[in-house]
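Student: See start.cif below, with mmCIF, N, CA and C atoms.
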data_data
#
loop_
_atom_site.label_atom_id
_atom_site.label_comp_id
_atom_site.auth_asym_id
_atom_site.auth_seq_id
_atom_site.Cartn_x
_atom_site.Cartn_y
_atom_site.Cartn_z
N MET A 7 -47.74 -4.40 -132.17
CA MET A 7 -47.01 -3.49 -133.02
C MET A 7 -47.85 -3.34 -134.28
N VAL A 8 -48.49 -2.20 -134.41
CA VAL A 8 -49.51 -2.06 -135.44
C VAL A 8 -49.16 -0.94 -136.41
N ALA A 9 -49.47 -1.17 -137.68
CA ALA A 9 -49.29 -0.16 -138.71
C ALA A 9 -50.62 0.53 -138.96
N GLY A 10 -50.66 1.82 -138.76
CA GLY A 10 -51.86 2.60 -139.04
C GLY A 10 -52.66 2.95 -137.81
N GLY A 11 -53.07 4.21 -137.74
CA GLY A 11 -53.83 4.69 -136.59
C GLY A 11 -55.18 4.01 -136.45
N GLY A 12 -55.91 3.86 -137.54
CA GLY A 12 -57.21 3.20 -137.47
C GLY A 12 -57.07 1.74 -137.07
N ALA A 13 -56.09 1.06 -137.65
CA ALA A 13 -55.87 -0.34 -137.31
C ALA A 13 -55.49 -0.50 -135.85
N SER A 14 -54.70 0.43 -135.32
CA SER A 14 -54.29 0.32 -133.92
C SER A 14 -55.49 0.38 -132.99
N VAL A 15 -56.47 1.21 -133.31
CA VAL A 15 -57.69 1.29 -132.50
C VAL A 15 -58.46 -0.02 -132.59
N ILE A 16 -58.59 -0.56 -133.79
CA ILE A 16 -59.33 -1.82 -133.97
C ILE A 16 -58.67 -2.96 -133.20
N TYR A 17 -57.35 -3.08 -133.32
CA TYR A 17 -56.65 -4.14 -132.60
C TYR A 17 -56.82 -3.98 -131.09
N SER A 18 -56.60 -2.78 -130.59
CA SER A 18 -56.71 -2.55 -129.14
C SER A 18 -58.12 -2.81 -128.64
N ASP A 19 -59.11 -2.32 -129.37
CA ASP A 19 -60.50 -2.56 -128.97
C ASP A 19 -60.83 -4.05 -128.95
N THR A 20 -60.28 -4.79 -129.90
CA THR A 20 -60.54 -6.24 -129.94
C THR A 20 -59.92 -6.93 -128.74
N VAL A 21 -58.71 -6.55 -128.37
CA VAL A 21 -58.07 -7.12 -127.18
C VAL A 21 -58.95 -6.87 -125.95
N VAL A 22 -59.43 -5.64 -125.81
CA VAL A 22 -60.28 -5.29 -124.68
C VAL A 22 -61.60 -6.05 -124.74
N ASP A 23 -62.24 -6.10 -125.91
CA ASP A 23 -63.52 -6.82 -126.06
C ASP A 23 -63.40 -8.29 -125.70
N LEU A 24 -62.24 -8.88 -125.94
CA LEU A 24 -62.04 -10.30 -125.63
C LEU A 24 -61.57 -10.52 -124.19
N GLY A 25 -61.58 -9.45 -123.38
CA GLY A 25 -61.29 -9.58 -121.96
C GLY A 25 -59.83 -9.52 -121.56
N TYR A 26 -58.98 -9.04 -122.45
CA TYR A 26 -57.54 -9.02 -122.17
C TYR A 26 -56.95 -7.61 -122.17
N GLY A 27 -57.78 -6.62 -121.89
CA GLY A 27 -57.30 -5.25 -121.85
C GLY A 27 -56.16 -5.05 -120.88
N ASN A 28 -56.20 -5.76 -119.75
CA ASN A 28 -55.14 -5.64 -118.75
C ASN A 28 -53.83 -6.29 -119.21
N GLU A 29 -53.88 -7.07 -120.28
CA GLU A 29 -52.69 -7.72 -120.83
C GLU A 29 -52.08 -6.93 -122.00
N LEU A 30 -52.77 -5.89 -122.43
CA LEU A 30 -52.30 -5.12 -123.58
C LEU A 30 -50.99 -4.42 -123.21
N GLY A 31 -49.95 -4.77 -123.95
CA GLY A 31 -48.62 -4.27 -123.62
C GLY A 31 -48.37 -2.83 -124.02
N ASN A 32 -49.02 -2.37 -125.06
CA ASN A 32 -48.80 -1.01 -125.51
C ASN A 32 -49.92 -0.57 -126.45
N TYR A 33 -49.98 0.71 -126.64
CA TYR A 33 -50.84 1.28 -127.66
C TYR A 33 -49.97 2.24 -128.45
N ALA A 34 -49.52 1.78 -129.58
CA ALA A 34 -48.66 2.59 -130.44
C ALA A 34 -48.83 2.09 -131.87
N GLU A 35 -48.46 2.92 -132.82
CA GLU A 35 -48.54 2.52 -134.22
C GLU A 35 -47.47 3.22 -135.02
N TYR A 36 -47.14 2.63 -136.15
CA TYR A 36 -46.25 3.27 -137.11
C TYR A 36 -47.01 3.41 -138.42
N SER A 37 -46.76 4.49 -139.13
CA SER A 37 -47.46 4.69 -140.40
C SER A 37 -46.71 5.72 -141.23
N GLY A 38 -47.23 5.98 -142.41
CA GLY A 38 -46.63 7.00 -143.27
C GLY A 38 -45.40 6.54 -144.02
N ASN A 39 -45.31 5.24 -144.33
CA ASN A 39 -44.18 4.70 -145.07
C ASN A 39 -42.85 4.99 -144.37
N PRO A 40 -42.70 4.55 -143.11
CA PRO A 40 -41.47 4.86 -142.37
C PRO A 40 -40.26 4.16 -142.97
N LYS A 41 -39.11 4.74 -142.71
CA LYS A 41 -37.85 4.17 -143.17
C LYS A 41 -37.48 2.97 -142.30
N GLU A 42 -36.60 2.13 -142.82
CA GLU A 42 -36.18 0.92 -142.10
C GLU A 42 -35.64 1.25 -140.71
N GLN A 43 -34.81 2.27 -140.60
CA GLN A 43 -34.23 2.63 -139.30
C GLN A 43 -35.32 3.07 -138.31
N GLU A 44 -36.33 3.74 -138.81
CA GLU A 44 -37.43 4.18 -137.93
C GLU A 44 -38.23 2.99 -137.40
N THR A 45 -38.53 2.03 -138.26
CA THR A 45 -39.27 0.86 -137.77
C THR A 45 -38.39 0.01 -136.87
N TYR A 46 -37.09 -0.02 -137.14
CA TYR A 46 -36.16 -0.75 -136.27
C TYR A 46 -36.19 -0.16 -134.86
N LEU A 47 -36.03 1.15 -134.75
CA LEU A 47 -36.01 1.78 -133.43
C LEU A 47 -37.35 1.64 -132.71
N PHE A 48 -38.44 1.79 -133.44
CA PHE A 48 -39.77 1.61 -132.88
C PHE A 48 -39.93 0.19 -132.34
N ALA A 49 -39.59 -0.79 -133.18
CA ALA A 49 -39.75 -2.19 -132.80
C ALA A 49 -38.83 -2.56 -131.64
N LYS A 50 -37.61 -2.08 -131.67
CA LYS A 50 -36.66 -2.41 -130.60
C LYS A 50 -37.17 -1.92 -129.25
N THR A 51 -37.73 -0.72 -129.23
CA THR A 51 -38.29 -0.17 -127.99
C THR A 51 -39.47 -1.02 -127.52
N LEU A 52 -40.40 -1.31 -128.40
CA LEU A 52 -41.58 -2.09 -128.01
C LEU A 52 -41.21 -3.51 -127.60
N LEU A 53 -40.30 -4.12 -128.32
CA LEU A 53 -39.90 -5.49 -127.98
C LEU A 53 -39.23 -5.57 -126.62
N SER A 54 -38.44 -4.57 -126.28
CA SER A 54 -37.78 -4.59 -124.97
C SER A 54 -38.82 -4.55 -123.85
N LEU A 55 -39.91 -3.87 -124.07
CA LEU A 55 -41.00 -3.84 -123.08
C LEU A 55 -41.80 -5.14 -123.10
N ALA A 56 -42.02 -5.68 -124.29
CA ALA A 56 -42.85 -6.88 -124.44
C ALA A 56 -42.24 -8.10 -123.77
N VAL A 57 -40.94 -8.16 -123.70
CA VAL A 57 -40.27 -9.34 -123.13
C VAL A 57 -39.80 -9.11 -121.69
N ALA A 58 -40.21 -7.99 -121.10
CA ALA A 58 -39.78 -7.69 -119.73
C ALA A 58 -40.36 -8.69 -118.72
N ASN A 59 -41.59 -9.16 -118.93
CA ASN A 59 -42.23 -10.12 -118.04
C ASN A 59 -42.06 -11.51 -118.62
N GLN A 60 -41.17 -12.29 -118.03
CA GLN A 60 -40.91 -13.62 -118.56
C GLN A 60 -41.57 -14.72 -117.73
N ASP A 61 -42.58 -14.36 -116.96
CA ASP A 61 -43.26 -15.33 -116.11
C ASP A 61 -44.34 -16.12 -116.83
N LYS A 62 -44.72 -15.70 -118.01
CA LYS A 62 -45.79 -16.38 -118.74
C LYS A 62 -45.56 -16.24 -120.24
N ARG A 63 -46.33 -16.99 -121.01
CA ARG A 63 -46.22 -16.92 -122.47
C ARG A 63 -46.56 -15.52 -122.96
N THR A 64 -45.89 -15.12 -124.03
CA THR A 64 -46.09 -13.80 -124.63
C THR A 64 -46.54 -13.96 -126.07
N ALA A 65 -47.57 -13.21 -126.44
CA ALA A 65 -48.02 -13.15 -127.83
C ALA A 65 -47.68 -11.78 -128.37
N LEU A 66 -46.91 -11.74 -129.43
CA LEU A 66 -46.55 -10.49 -130.07
C LEU A 66 -47.35 -10.37 -131.36
N LEU A 67 -48.14 -9.31 -131.47
CA LEU A 67 -48.95 -9.08 -132.66
C LEU A 67 -48.30 -8.01 -133.52
N ILE A 68 -48.07 -8.34 -134.76
CA ILE A 68 -47.57 -7.38 -135.75
C ILE A 68 -48.64 -7.31 -136.81
N GLY A 69 -49.43 -6.25 -136.79
CA GLY A 69 -50.58 -6.23 -137.66
C GLY A 69 -50.81 -4.90 -138.33
N GLY A 70 -51.80 -4.90 -139.17
CA GLY A 70 -52.20 -3.68 -139.85
C GLY A 70 -53.25 -4.00 -140.89
N GLY A 71 -53.80 -2.98 -141.43
CA GLY A 71 -54.78 -3.14 -142.51
C GLY A 71 -54.06 -3.40 -143.81
N VAL A 72 -54.68 -3.02 -144.89
CA VAL A 72 -54.07 -3.12 -146.20
C VAL A 72 -53.53 -1.74 -146.54
N ALA A 73 -52.20 -1.62 -146.57
CA ALA A 73 -51.55 -0.34 -146.81
C ALA A 73 -51.83 0.16 -148.22
N ASN A 74 -51.92 1.46 -148.36
CA ASN A 74 -52.06 2.07 -149.68
C ASN A 74 -50.70 2.31 -150.32
N PHE A 75 -49.76 2.84 -149.54
CA PHE A 75 -48.46 3.21 -150.11
C PHE A 75 -47.27 2.77 -149.27
N THR A 76 -47.49 2.27 -148.08
CA THR A 76 -46.38 1.81 -147.25
C THR A 76 -45.87 0.48 -147.77
N ASP A 77 -44.57 0.40 -148.03
CA ASP A 77 -43.94 -0.82 -148.51
C ASP A 77 -43.80 -1.78 -147.33
N VAL A 78 -44.65 -2.80 -147.31
CA VAL A 78 -44.70 -3.73 -146.18
C VAL A 78 -43.35 -4.43 -145.99
N ALA A 79 -42.75 -4.91 -147.05
CA ALA A 79 -41.47 -5.60 -146.94
C ALA A 79 -40.39 -4.69 -146.35
N ALA A 80 -40.37 -3.43 -146.77
CA ALA A 80 -39.36 -2.50 -146.27
C ALA A 80 -39.56 -2.23 -144.78
N THR A 81 -40.80 -2.04 -144.35
CA THR A 81 -41.01 -1.78 -142.92
C THR A 81 -40.71 -3.03 -142.11
N PHE A 82 -41.01 -4.20 -142.65
CA PHE A 82 -40.71 -5.43 -141.92
C PHE A 82 -39.21 -5.64 -141.76
N THR A 83 -38.41 -5.11 -142.66
CA THR A 83 -36.95 -5.29 -142.57
C THR A 83 -36.42 -4.71 -141.26
N GLY A 84 -36.90 -3.53 -140.88
CA GLY A 84 -36.49 -2.94 -139.60
C GLY A 84 -37.00 -3.74 -138.42
N ILE A 85 -38.23 -4.21 -138.50
CA ILE A 85 -38.81 -5.01 -137.42
C ILE A 85 -38.07 -6.34 -137.28
N ILE A 86 -37.71 -6.94 -138.39
CA ILE A 86 -36.98 -8.21 -138.37
C ILE A 86 -35.64 -8.05 -137.66
N GLN A 87 -34.93 -6.97 -137.94
CA GLN A 87 -33.64 -6.75 -137.28
C GLN A 87 -33.83 -6.60 -135.78
N ALA A 88 -34.86 -5.89 -135.36
CA ALA A 88 -35.13 -5.72 -133.93
C ALA A 88 -35.46 -7.06 -133.28
N ILE A 89 -36.23 -7.89 -133.96
CA ILE A 89 -36.57 -9.21 -133.43
C ILE A 89 -35.30 -10.05 -133.26
N LYS A 90 -34.41 -10.00 -134.25
CA LYS A 90 -33.14 -10.73 -134.13
C LYS A 90 -32.33 -10.25 -132.93
N ASP A 91 -32.38 -8.95 -132.67
CA ASP A 91 -31.62 -8.38 -131.56
C ASP A 91 -32.09 -8.88 -130.20
N VAL A 92 -33.36 -9.24 -130.08
CA VAL A 92 -33.90 -9.67 -128.78
C VAL A 92 -34.30 -11.15 -128.79
N LYS A 93 -33.75 -11.91 -129.70
CA LYS A 93 -34.10 -13.33 -129.85
C LYS A 93 -34.08 -14.08 -128.53
N GLY A 94 -33.02 -13.96 -127.78
CA GLY A 94 -32.89 -14.68 -126.50
C GLY A 94 -33.98 -14.31 -125.51
N LYS A 95 -34.32 -13.04 -125.47
CA LYS A 95 -35.38 -12.60 -124.56
C LYS A 95 -36.75 -13.07 -125.03
N LEU A 96 -36.94 -13.14 -126.34
CA LEU A 96 -38.20 -13.68 -126.87
C LEU A 96 -38.34 -15.16 -126.50
N GLU A 97 -37.25 -15.90 -126.57
CA GLU A 97 -37.28 -17.31 -126.18
C GLU A 97 -37.62 -17.45 -124.70
N ALA A 98 -36.97 -16.64 -123.87
CA ALA A 98 -37.22 -16.71 -122.43
C ALA A 98 -38.66 -16.34 -122.08
N ALA A 99 -39.25 -15.44 -122.86
CA ALA A 99 -40.63 -15.01 -122.63
C ALA A 99 -41.64 -15.96 -123.27
N LYS A 100 -41.16 -17.07 -123.82
CA LYS A 100 -42.03 -18.03 -124.50
C LYS A 100 -42.93 -17.32 -125.51
N ALA A 101 -42.30 -16.49 -126.32
CA ALA A 101 -43.04 -15.65 -127.27
C ALA A 101 -43.40 -16.40 -128.54
N LYS A 102 -44.56 -16.07 -129.04
CA LYS A 102 -44.98 -16.48 -130.38
C LYS A 102 -45.43 -15.22 -131.08
N ILE A 103 -45.08 -15.10 -132.34
CA ILE A 103 -45.36 -13.89 -133.10
C ILE A 103 -46.45 -14.18 -134.13
N PHE A 104 -47.44 -13.29 -134.18
CA PHE A 104 -48.55 -13.39 -135.12
C PHE A 104 -48.52 -12.15 -136.00
N VAL A 105 -48.48 -12.36 -137.31
CA VAL A 105 -48.36 -11.26 -138.27
C VAL A 105 -49.55 -11.28 -139.22
N ARG A 106 -50.13 -10.11 -139.43
CA ARG A 106 -51.19 -9.96 -140.44
C ARG A 106 -50.98 -8.63 -141.14
N ARG A 107 -50.84 -8.65 -142.45
CA ARG A 107 -50.59 -7.41 -143.18
C ARG A 107 -50.98 -7.58 -144.64
N GLY A 108 -51.26 -6.47 -145.29
CA GLY A 108 -51.54 -6.42 -146.71
C GLY A 108 -51.02 -5.10 -147.26
N GLY A 109 -50.93 -5.00 -148.55
CA GLY A 109 -50.46 -3.77 -149.19
C GLY A 109 -49.26 -4.02 -150.08
N PRO A 110 -48.63 -2.93 -150.54
CA PRO A 110 -47.49 -3.08 -151.45
C PRO A 110 -46.40 -3.98 -150.88
N ASN A 111 -46.02 -4.96 -151.64
CA ASN A 111 -44.96 -5.92 -151.29
C ASN A 111 -45.26 -6.74 -150.04
N TYR A 112 -46.56 -6.93 -149.73
CA TYR A 112 -46.89 -7.69 -148.52
C TYR A 112 -46.48 -9.15 -148.63
N LYS A 113 -46.56 -9.74 -149.84
CA LYS A 113 -46.19 -11.15 -149.97
C LYS A 113 -44.71 -11.35 -149.65
N THR A 114 -43.88 -10.44 -150.12
CA THR A 114 -42.45 -10.50 -149.81
C THR A 114 -42.24 -10.30 -148.31
N GLY A 115 -42.94 -9.34 -147.72
CA GLY A 115 -42.82 -9.09 -146.29
C GLY A 115 -43.22 -10.29 -145.46
N LEU A 116 -44.32 -10.93 -145.82
CA LEU A 116 -44.76 -12.12 -145.07
C LEU A 116 -43.76 -13.26 -145.23
N ARG A 117 -43.23 -13.41 -146.43
CA ARG A 117 -42.21 -14.45 -146.66
C ARG A 117 -40.98 -14.19 -145.79
N LEU A 118 -40.56 -12.92 -145.70
CA LEU A 118 -39.41 -12.57 -144.85
C LEU A 118 -39.68 -12.91 -143.39
N MET A 119 -40.91 -12.69 -142.94
CA MET A 119 -41.26 -13.04 -141.57
C MET A 119 -41.24 -14.55 -141.36
N GLU A 120 -41.77 -15.30 -142.31
CA GLU A 120 -41.74 -16.76 -142.21
C GLU A 120 -40.29 -17.26 -142.15
N GLU A 121 -39.45 -16.72 -143.01
CA GLU A 121 -38.02 -17.10 -143.03
C GLU A 121 -37.35 -16.75 -141.71
N LEU A 122 -37.72 -15.61 -141.14
CA LEU A 122 -37.16 -15.22 -139.85
C LEU A 122 -37.50 -16.26 -138.79
N GLY A 123 -38.74 -16.70 -138.75
CA GLY A 123 -39.14 -17.70 -137.77
C GLY A 123 -38.31 -18.96 -137.88
N GLU A 124 -38.07 -19.41 -139.11
CA GLU A 124 -37.24 -20.59 -139.33
C GLU A 124 -35.80 -20.34 -138.89
N GLU A 125 -35.29 -19.16 -139.22
CA GLU A 125 -33.90 -18.82 -138.90
C GLU A 125 -33.65 -18.75 -137.40
N ILE A 126 -34.53 -18.09 -136.67
CA ILE A 126 -34.29 -17.88 -135.23
C ILE A 126 -35.01 -18.89 -134.35
N GLU A 127 -35.78 -19.78 -134.99
CA GLU A 127 -36.50 -20.85 -134.29
C GLU A 127 -37.46 -20.32 -133.22
N ILE A 128 -38.18 -19.28 -133.59
CA ILE A 128 -39.26 -18.75 -132.77
C ILE A 128 -40.51 -18.85 -133.64
N PRO A 129 -41.61 -19.36 -133.09
CA PRO A 129 -42.80 -19.53 -133.93
C PRO A 129 -43.38 -18.20 -134.41
N ILE A 130 -43.50 -18.09 -135.72
CA ILE A 130 -44.10 -16.92 -136.34
C ILE A 130 -45.16 -17.42 -137.33
N THR A 131 -46.39 -16.96 -137.13
CA THR A 131 -47.49 -17.31 -138.01
C THR A 131 -47.89 -16.07 -138.79
N VAL A 132 -48.01 -16.19 -140.10
CA VAL A 132 -48.32 -15.02 -140.92
C VAL A 132 -49.64 -15.19 -141.67
N TYR A 133 -50.31 -14.05 -141.86
CA TYR A 133 -51.56 -14.00 -142.58
C TYR A 133 -51.56 -12.77 -143.48
N GLY A 134 -52.16 -12.90 -144.63
CA GLY A 134 -52.32 -11.80 -145.56
C GLY A 134 -53.70 -11.18 -145.42
N PRO A 135 -54.06 -10.34 -146.39
CA PRO A 135 -55.33 -9.62 -146.32
C PRO A 135 -56.57 -10.51 -146.46
N GLU A 136 -56.38 -11.77 -146.82
CA GLU A 136 -57.53 -12.68 -146.90
C GLU A 136 -58.06 -13.05 -145.51
N THR A 137 -57.27 -12.75 -144.48
CA THR A 137 -57.66 -13.01 -143.10
C THR A 137 -58.02 -11.68 -142.44
N SER A 138 -59.08 -11.69 -141.64
CA SER A 138 -59.47 -10.44 -140.99
C SER A 138 -58.36 -9.97 -140.05
N MET A 139 -58.25 -8.67 -139.91
CA MET A 139 -57.19 -8.09 -139.08
C MET A 139 -57.19 -8.65 -137.67
N THR A 140 -58.36 -8.78 -137.10
CA THR A 140 -58.45 -9.12 -135.68
C THR A 140 -58.27 -10.61 -135.38
N LYS A 141 -58.18 -11.43 -136.40
CA LYS A 141 -58.01 -12.87 -136.18
C LYS A 141 -56.73 -13.16 -135.40
N ILE A 142 -55.67 -12.38 -135.64
CA ILE A 142 -54.43 -12.65 -134.91
C ILE A 142 -54.58 -12.34 -133.43
N VAL A 143 -55.52 -11.48 -133.06
CA VAL A 143 -55.77 -11.23 -131.64
C VAL A 143 -56.30 -12.52 -131.00
N GLU A 144 -57.25 -13.16 -131.63
CA GLU A 144 -57.79 -14.41 -131.12
C GLU A 144 -56.70 -15.47 -131.00
N HIS A 145 -55.85 -15.56 -132.02
CA HIS A 145 -54.76 -16.55 -131.99
C HIS A 145 -53.76 -16.23 -130.88
N GLY A 146 -53.47 -14.96 -130.69
CA GLY A 146 -52.55 -14.57 -129.62
C GLY A 146 -53.09 -14.92 -128.24
N ILE A 147 -54.38 -14.68 -128.02
CA ILE A 147 -55.00 -15.01 -126.74
C ILE A 147 -55.00 -16.52 -126.54
N GLN A 148 -55.28 -17.27 -127.59
CA GLN A 148 -55.24 -18.73 -127.49
C GLN A 148 -53.85 -19.20 -127.08
N TRP A 149 -52.81 -18.59 -127.65
CA TRP A 149 -51.43 -18.94 -127.30
C TRP A 149 -51.17 -18.65 -125.82
N ILE A 150 -51.59 -17.49 -125.35
CA ILE A 150 -51.37 -17.13 -123.94
C ILE A 150 -52.09 -18.13 -123.02
N GLU A 151 -53.31 -18.48 -123.38
CA GLU A 151 -54.12 -19.37 -122.51
C GLU A 151 -53.69 -20.83 -122.57
N THR A 152 -53.37 -21.33 -123.77
CA THR A 152 -53.19 -22.78 -123.92
C THR A 152 -51.81 -23.21 -124.43
N GLY A 153 -51.08 -22.28 -124.99
CA GLY A 153 -49.80 -22.65 -125.59
C GLY A 153 -49.93 -23.28 -126.96
N VAL A 154 -51.12 -23.15 -127.55
CA VAL A 154 -51.37 -23.72 -128.88
C VAL A 154 -51.67 -22.59 -129.85
#
How would this structure read if it were set down as structure tokens?
Tutor:
Amino acid sequence: MVAGGGASVIYSDTVVDLGYGNELGNYAEYSGNPKEQETYLFAKTLLSLAVANQDKRTALLIGGGVANFTDVAATFTGIIQAIKDVKGKLEAAKAKIFVRRGGPNYKTGLRLMEELGEEIEIPITVYGPETSMTKIVEHGIQWIETGV
């Protein structure tokens, strides 16, 4: 689940470069400072697809570059509600969520994601702009392969 068209290409290309193109669940992005309801509906749709295969561990990537004007905390609010809605399915899919984002209110957004992980007891690891965008791809693949 990626914010920004350019970032979505970078994330997808990295998944393919690391040999997991056949595991890529979707190619979609949100951008343009979407409203909470828009990110909720977007996330709910993607999450329902992401947890459809419960035979193996699932890595959910929520990433993006450093936003210029998109309020990261506001967009995460819709995504957080969608994650809460599918909590049971995320547990069954042995999901771990990896988040990387920067931009306006990103610290608040990352804190909200960390709090969500504690609240719903699903592992969520967050990174800010000090970490390269594609690092969460490596972490997601490591989770799928080893459970670590």
Student: Could you state the separation of atom N of Lys102 of chain A and atom N of Phe82 of chain A in Å, given to one decimal place?
Tutor: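 Interatomic distance here is 18.4 Å.
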Student: Since I can't run it myself right now, could you work out what the PyMOL selection byres (((chain A and resi 127-144 and name CA) around 8) and name CA) selects here and report it as a CSV table (one decimal) with N, CA and C atoms, in the frame of the given file?
Tutor:
chain,number,residue,atom,x,y,z
A,16,ILE,N,-58.6,-0.6,-133.8
A,16,ILE,CA,-59.3,-1.8,-134.0
A,16,ILE,C,-58.7,-3.0,-133.2
A,17,TYR,N,-57.4,-3.1,-133.3
A,17,TYR,CA,-56.6,-4.1,-132.6
A,17,TYR,C,-56.8,-4.0,-131.1
A,20,THR,N,-60.3,-4.8,-129.9
A,20,THR,CA,-60.5,-6.2,-129.9
A,20,THR,C,-59.9,-6.9,-128.7
A,21,VAL,N,-58.7,-6.6,-128.4
A,21,VAL,CA,-58.1,-7.1,-127.2
A,21,VAL,C,-59.0,-6.9,-126.0
A,67,LEU,N,-48.1,-9.3,-131.5
A,67,LEU,CA,-49.0,-9.1,-132.7
A,67,LEU,C,-48.3,-8.0,-133.5
A,69,GLY,N,-49.4,-6.2,-136.8
A,69,GLY,CA,-50.6,-6.2,-137.7
A,69,GLY,C,-50.8,-4.9,-138.3
A,70,GLY,N,-51.8,-4.9,-139.2
A,70,GLY,CA,-52.2,-3.7,-139.8
A,70,GLY,C,-53.2,-4.0,-140.9
A,71,GLY,N,-53.8,-3.0,-141.4
A,71,GLY,CA,-54.8,-3.1,-142.5
A,71,GLY,C,-54.1,-3.4,-143.8
A,72,VAL,N,-54.7,-3.0,-144.9
A,72,VAL,CA,-54.1,-3.1,-146.2
A,72,VAL,C,-53.5,-1.7,-146.5
A,96,LEU,N,-36.9,-13.1,-126.3
A,96,LEU,CA,-38.2,-13.7,-126.9
A,96,LEU,C,-38.3,-15.2,-126.5
A,97,GLU,N,-37.2,-15.9,-126.6
A,97,GLU,CA,-37.3,-17.3,-126.2
A,97,GLU,C,-37.6,-17.4,-124.7
A,101,ALA,N,-42.3,-16.5,-126.3
A,101,ALA,CA,-43.0,-15.6,-127.3
A,101,ALA,C,-43.4,-16.4,-128.5
A,102,LYS,N,-44.6,-16.1,-129.0
A,102,LYS,CA,-45.0,-16.5,-130.4
A,102,LYS,C,-45.4,-15.2,-131.1
A,103,ILE,N,-45.1,-15.1,-132.3
A,103,ILE,CA,-45.4,-13.9,-133.1
A,103,ILE,C,-46.4,-14.2,-134.1
A,104,PHE,N,-47.4,-13.3,-134.2
A,104,PHE,CA,-48.6,-13.4,-135.1
A,104,PHE,C,-48.5,-12.2,-136.0
A,105,VAL,N,-48.5,-12.4,-137.3
A,105,VAL,CA,-48.4,-11.3,-138.3
A,105,VAL,C,-49.6,-11.3,-139.2
A,106,ARG,N,-50.1,-10.1,-139.4
A,106,ARG,CA,-51.2,-10.0,-140.4
A,106,ARG,C,-51.0,-8.6,-141.1
A,107,ARG,N,-50.8,-8.6,-142.4
A,107,ARG,CA,-50.6,-7.4,-143.2
A,107,ARG,C,-51.0,-7.6,-144.6
A,108,GLY,N,-51.3,-6.5,-145.3
A,108,GLY,CA,-51.5,-6.4,-146.7
A,108,GLY,C,-51.0,-5.1,-147.3
A,112,TYR,N,-46.6,-6.9,-149.7
A,112,TYR,CA,-46.9,-7.7,-148.5
A,112,TYR,C,-46.5,-9.2,-148.6
A,113,LYS,N,-46.6,-9.7,-149.8
A,113,LYS,CA,-46.2,-11.2,-150.0
A,113,LYS,C,-44.7,-11.4,-149.6
A,116,LEU,N,-44.3,-10.9,-145.8
A,116,LEU,CA,-44.8,-12.1,-145.1
A,116,LEU,C,-43.8,-13.3,-145.2
A,119,MET,N,-40.9,-12.7,-142.9
A,119,MET,CA,-41.3,-13.0,-141.6
A,119,MET,C,-41.2,-14.6,-141.4
A,120,GLU,N,-41.8,-15.3,-142.3
A,120,GLU,CA,-41.7,-16.8,-142.2
A,120,GLU,C,-40.3,-17.3,-142.2
A,122,LEU,N,-37.7,-15.6,-141.1
A,122,LEU,CA,-37.2,-15.2,-139.8
A,122,LEU,C,-37.5,-16.3,-138.8
A,123,GLY,N,-38.7,-16.7,-138.8
A,123,GLY,CA,-39.1,-17.7,-137.8
A,123,GLY,C,-38.3,-19.0,-137.9
A,124,GLU,N,-38.1,-19.4,-139.1
A,124,GLU,CA,-37.2,-20.6,-139.3
A,124,GLU,C,-35.8,-20.3,-138.9
A,125,GLU,N,-35.3,-19.2,-139.2
A,125,GLU,CA,-33.9,-18.8,-138.9
A,125,GLU,C,-33.6,-18.8,-137.4
A,126,ILE,N,-34.5,-18.1,-136.7
A,126,ILE,CA,-34.3,-17.9,-135.2
A,126,ILE,C,-35.0,-18.9,-134.4
A,145,HIS,N,-55.8,-15.6,-132.0
A,145,HIS,CA,-54.8,-16.6,-132.0
A,145,HIS,C,-53.8,-16.2,-130.9
A,146,GLY,N,-53.5,-15.0,-130.7
A,146,GLY,CA,-52.6,-14.6,-129.6
A,146,GLY,C,-53.1,-14.9,-128.2
A,147,ILE,N,-54.4,-14.7,-128.0
A,147,ILE,CA,-55.0,-15.0,-126.7
A,147,ILE,C,-55.0,-16.5,-126.5
A,148,GLN,N,-55.3,-17.3,-127.6
A,148,GLN,CA,-55.2,-18.7,-127.5
A,148,GLN,C,-53.8,-19.2,-127.1
Student: Taking only C-alpha atoms into account, which of A:Ala58, A:Leu47, A:Ile86, A:Ile68 comes nearest Met7 of chain A?
Tutor: A:Ile68
Student: Please extract the residues of segment 23-137 of chain A with a backbone DSSP assignment of alpha helix (DSSP H) and present them as an MDAnalysis selection string.
Tutor: chainID A and resid 23 42:56 78:91 93:98 112:126
Student: Please expand the PyMOL selection byres ((chain A and resi 84) around 6.5) into the concrete residues it hits in this file, giving the result as a list in words.
Tutor: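 What the PyMOL selection byres ((chain A and resi 84) around 6.5) grabs from the file is Glu42, Gln43, Thr45, Tyr46, Leu47, Ala49, Ala80, Thr81, Phe82, Thr83, Ile85, Ile86, Gln87, Ala88 and Ile89 of chain A.
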Student: Calculated over only C-alpha atoms, which of the candidates A:Thr64, A:Thr76, A:Ser37, A:Thr152 has the smallest distance to Gly10 of chain A?
Tutor: A:Ser37
Student: Could you tell me which residues the PyMOL selection byres ((chain A and resi 33) around 8) grabs in this file, written as a PyMOL selection string?
Tutor: chain A and resi 7-8+14-15+18+30-32+34-35
Student: For each of A:Ala9, A:Lys50, A:Tyr26, A:Tyr36, take the minimum atom-to-atom distance to Lys93 of chain A, counting only C-alpha atoms, then give the residue where this is smallest.
Tutor: A:Lys50
Student: Using the file's own x, y and z axes, so that the box edges lie along x, y and z, what centre and edge lengths in Å (one decimal) does a box around every listed atom of segment 72-75 of chain A get when 6 Å is added on each side? Give it as AutoDock Vina command-line options.
Tutor:
--center_x -51.0 --center_y 0.0 --center_z -147.6 --size_x 19.4 --size_y 18.3 --size_z 17.4
Student: Please extract the residues of segment 10-132 of chain A with a backbone DSSP assignment of strand (DSSP E or B) and present them as a list in words.
Tutor: Glu35, Tyr36, Thr64, Ala65, Leu66, Leu67, Ile68, Gly69, Gly70, Gly71, Val72, Ala101, Lys102, Ile103, Phe104, Val105, Arg106, Arg107, Gly108, Ile130, Thr131 and Val132 of chain A
Student: Expressed in Å to a single decimal, how great is the separation between atom CA of Leu55 of chain A and atom CA of Asp19 of chain A?
Tutor: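 According to the coordinates, atom CA of Leu55 of chain A and atom CA of Asp19 of chain A are separated by 20.4 Å.
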